[in-house]
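Trainee: Here it is, the structure in full.
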Amino acid sequence: MPFESLRAQRPTIGGTFTALALLSLAACSSSSEAPVQPPTLPDPPSTATPTLTRTVVMSGLSSPWDIAAASDGTLFFTERCRGLSVRHTDGSVTRLFGTAGSSLVAADLLCQGQSGVHGIALDPAFATNRVAYVFMTSTATTPRTNRVVRLVLGTDLRSASGRTDIIADIAFKNAANAHGGAGAHSGGRLRFGPDGYLYVATGDNHSGTIPQSPTVLGGKVLRVTTSGAAAPGNNAPAGFDARIYSYGHRNVQGISFRPGSGQLFVADHGPNHSDEVTPLVAGGNGGWDPQNRPSLNCADGYCGYAGNASTMPMTDLARFPNALRPSWSNSGASQGMGPLVFLTGTAWRGWNGRLAVGLMAGQRIDVLTIDNAGVATERVNADLPGTRYRALTMGPDGSLYVVTDSGEIWRVTPGV
Ligand SMILES: [Ca+2]
């Protein structure tokens, strides 16, 4: 009997296969043939919940904000008022970019309110070009702006040089208003998509008009080349800045791409209600429009904290019937939705492909099952310590790396 026909007949349960295979082999083998070993089959994918092992990799960081992992396990992390640092695989740390003491000092770095140094992303060709991207607030212009800067790191990853500001005109809240201090709602997450383009999350700056503005880069998700130019296919409406991929957001804090489809899902931090996880499409409108309206007249023209989920919705389907529908709206009180990431790898067992969402005020990580239509059908708690979850990313080892507001980096490893 040909070997391949055995493989085609394989039953789904390994033990049964072994018995059948041995019977078949015995019936078909002649005494002149060498014994044939039955093939080894992988275990079927487990649908069980993984057990989680948590290791504190670093502690004592100052307002850490984001993290990126290189293929060899080197970790890059930002601290909001200090800059970008790297944790080498030997455990040593080098300050690369930011305030005094960094390899490359950014004299224009501003740490104010919620803002400062935010997202970090490594170039898709990082292994060969050592290029990294950082989101930061800058005093280089008046008014001040948020920027995405490109850096070239030394081959030993212990220095930075060659700063190029690839996006210099992201909206920044320059002055306090009735709703809070300067620096509020800058967005700031950076991630490369599977298409090789850089996605940039921005925030509404406590402005009533910015989220739906066709030209102001706040309350948006931008999609650009590694030089900061508009990526092809953004599908922004006529009259919009061509770098805009989606608009009508409040304060996007999480970006992740679904394995397989590559679709972008974002976490949009709600006001006093309705954090949202939303799958995006090019040119889409998230439906956030916190302007004055007949039923609401708000201080400084910003109604973002006025009303409720009906009168000031995070996704206003009355104004924008085609707005992007969220997968999950954390209705009730906002719990400070922050980062999110799709869990990937068979080690995650039944959670492989599910979406981990970090909540800050909620002090937990929820794991969402998303159906093919992009709708969340199940939500479970990850059973990790209660703390404010600021950043999540997958490491090259299949572990989940977690950054907490309290200043720690964890490695969370799934197991049986
Ligand atoms: Ca929305």
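Chain labels run A, B, ... following the order of the structure tokens; each chain numbers its residues from 1, and ligands are numbered from 1 in the order shown.
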With only C-alpha atoms and all ligand atoms counted, collect every polymer residue having an atom within 6 Å of ligand 1; state the result as a PyMOL selection string.

Mentor: chain A and resi 286-288+314-315

Trainee: Go through range 252-358 of chain A and collect every residue that DSSP, computed from the backbone, puts in helix (DSSP H, G or I); the answer should be as a list in words.

Mentor: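 Answer for range 252-358 of chain A restricted to helix (DSSP H, G or I) is Ala299, Asp300, Gly301, Thr346, Ala347, Trp348, Arg349, Gly350 and Trp351 of chain A.
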
Trainee: Okay, now the selection with N, CA and C atoms, as a PDB file, in the first residue's frame?

Mentor:
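Generated output (again39.pdb):
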ATOM      1  N   ALA A 299     -19.064  73.685  26.731  1.00  0.00           N
ATOM      2  CA  ALA A 299     -17.948  74.600  26.944  1.00  0.00           C
ATOM      3  C   ALA A 299     -16.856  74.334  25.917  1.00  0.00           C
ATOM      4  N   ASP A 300     -16.327  75.404  25.380  1.00  0.00           N
ATOM      5  CA  ASP A 300     -15.245  75.335  24.391  1.00  0.00           C
ATOM      6  C   ASP A 300     -15.615  74.486  23.179  1.00  0.00           C
ATOM      7  N   GLY A 301     -16.914  74.314  22.948  1.00  0.00           N
ATOM      8  CA  GLY A 301     -17.371  73.622  21.745  1.00  0.00           C
ATOM      9  C   GLY A 301     -17.067  72.139  21.718  1.00  0.00           C
ATOM     10  N   THR A 346       0.104  28.356  18.194  1.00  0.00           N
ATOM     11  CA  THR A 346      -0.666  27.228  18.727  1.00  0.00           C
ATOM     12  C   THR A 346      -0.474  27.058  20.231  1.00  0.00           C
ATOM     13  N   ALA A 347       0.620  27.611  20.777  1.00  0.00           N
ATOM     14  CA  ALA A 347       0.813  27.522  22.223  1.00  0.00           C
ATOM     15  C   ALA A 347      -0.322  28.212  22.981  1.00  0.00           C
ATOM     16  N   TRP A 348      -1.011  29.121  22.305  1.00  0.00           N
ATOM     17  CA  TRP A 348      -2.128  29.817  22.954  1.00  0.00           C
ATOM     18  C   TRP A 348      -3.393  28.972  22.971  1.00  0.00           C
ATOM     19  N   ARG A 349      -3.293  27.749  22.410  1.00  0.00           N
ATOM     20  CA  ARG A 349      -4.387  26.783  22.464  1.00  0.00           C
ATOM     21  C   ARG A 349      -5.678  27.428  21.967  1.00  0.00           C
ATOM     22  N   GLY A 350      -6.727  27.369  22.754  1.00  0.00           N
ATOM     23  CA  GLY A 350      -8.014  27.899  22.309  1.00  0.00           C
ATOM     24  C   GLY A 350      -8.039  29.406  22.137  1.00  0.00           C
ATOM     25  N   TRP A 351      -7.012  30.089  22.607  1.00  0.00           N
ATOM     26  CA  TRP A 351      -6.947  31.550  22.452  1.00  0.00           C
ATOM     27  C   TRP A 351      -6.158  31.972  21.205  1.00  0.00           C
TER      28      TRP A 351
END

Trainee: Quick one: everything within 8 Å of range 254-269 of chain A, counting only C-alpha atoms, minus sequence neighbours fewer than 5 positions away in the same chain. Send it as a PyMOL selection string.

Mentor: chain A and resi 189-191+193-194+201+249+275-281+334+336-342+344+353+357

Trainee: Could you tell me which of A:Arg158, A:Arg163, A:Arg325, A:Arg130 comes closest to Thr94 in chain A if we count only C-alpha atoms?

Mentor: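 Going through A:Arg158, A:Arg163, A:Arg325, A:Arg130 one by one, the smallest distance to Thr94 in chain A is for A:Arg158.
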
Trainee: Of the residues A:Thr155, A:Ala309, A:Ala175, A:Gly162, which is the one nearest to Pro143 in chain A, using only C-alpha atoms?

Mentor: A:Ala175

Trainee: Of the residues A:Leu110, A:Ala356, A:Ala229, A:Leu400, which is the one nearest to Arg379 in chain A, using only C-alpha atoms?

Mentor: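 For Arg379 in chain A, the nearest of the candidates is A:Ala356.
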
Trainee: Any idea what's packed within 12 Å of Pro50 in chain A, counting only C-alpha atoms, ignoring anything in its chain fewer than 3 positions away? Could you give it as an NGL selection string?

Mentor: :A and (46-47 or 53 or 343 or 345-352 or 367 or 382-383 or 399 or 412-416)

Trainee: With a distance cut-off of 6 Å and only C-alpha atoms, select the neighbouring residues of Ala376 in chain A, excluding the residue or stretch itself and same-chain residues fewer than 4 positions from it, and output the selection as a PyMOL selection string.

Mentor: chain A and resi 327-328+369-370

Trainee: Keeping only C-alpha atoms, write those residues as a PDB file, in the first residue's frame.

Mentor:
ATOM      1  CA  SER A 327     -16.844  44.676  17.352  1.00  0.00           C
ATOM      2  CA  TRP A 328     -17.429  45.378  21.006  1.00  0.00           C
ATOM      3  CA  THR A 369     -13.426  35.945  20.279  1.00  0.00           C
ATOM      4  CA  ILE A 370     -14.126  37.734  16.993  1.00  0.00           C
TER       5      ILE A 370
END

Trainee: Excluding same-chain residues fewer than 5 positions from His206 in chain A, what lies within 10 Å of it counting only C-alpha atoms, as a PyMOL selection string?

Mentor: chain A and resi 172-173+176-186+211+218-219+250-251+290+300-305

Trainee: Select, from A:Ala361, A:Leu96, A:Ala236, A:Ala231, the residue with the minimum atom-to-atom distance to Pro214 in chain A, counting only C-alpha atoms.

Mentor: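 Nearest candidate to Pro214 in chain A out of A:Ala361, A:Leu96, A:Ala236, A:Ala231: A:Ala236.
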
Trainee: Hey, what's within 12 Å of Gly307 in chain A if we count only C-alpha atoms and toss same-chain stuff fewer than 3 positions away? As a short mmCIF file (atom, residue, chain, number, x, y, z; two decimals) with C-alpha atoms, in the first residue's frame, please?

Mentor:
data_model
loop_
_atom_site.label_atom_id
_atom_site.label_comp_id
_atom_site.auth_asym_id
_atom_site.auth_seq_id
_atom_site.Cartn_x
_atom_site.Cartn_y
_atom_site.Cartn_z
CA PRO A 271 -15.39 59.16 27.45
CA ASN A 272 -17.69 58.42 30.38
CA HIS A 273 -19.08 55.47 28.40
CA PRO A 290 -18.18 65.77 19.62
CA GLN A 291 -19.40 69.13 18.31
CA ASN A 292 -22.21 71.22 19.70
CA ARG A 293 -25.57 69.98 18.49
CA SER A 295 -29.48 68.98 22.19
CA LEU A 296 -26.05 69.87 23.61
CA ASN A 297 -24.15 73.13 23.88
CA CYS A 298 -20.80 72.59 25.48
CA TYR A 302 -16.41 70.14 22.92
CA CYS A 303 -19.23 67.79 23.89
CA GLY A 304 -17.03 64.75 24.35
CA SER A 310 -27.42 58.01 23.13
CA THR A 311 -26.94 61.78 22.95
CA MET A 312 -23.15 61.79 22.37
CA PRO A 313 -22.37 58.33 21.01
CA MET A 314 -18.90 57.04 20.19
#

Trainee: Find the residue from A:Val57, A:Val105, A:Ile170, A:Val149 that sits nearest to Gly91 in chain A; use only C-alpha atoms when measuring.

Mentor: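 The closest residue to Gly91 in chain A is A:Val57.
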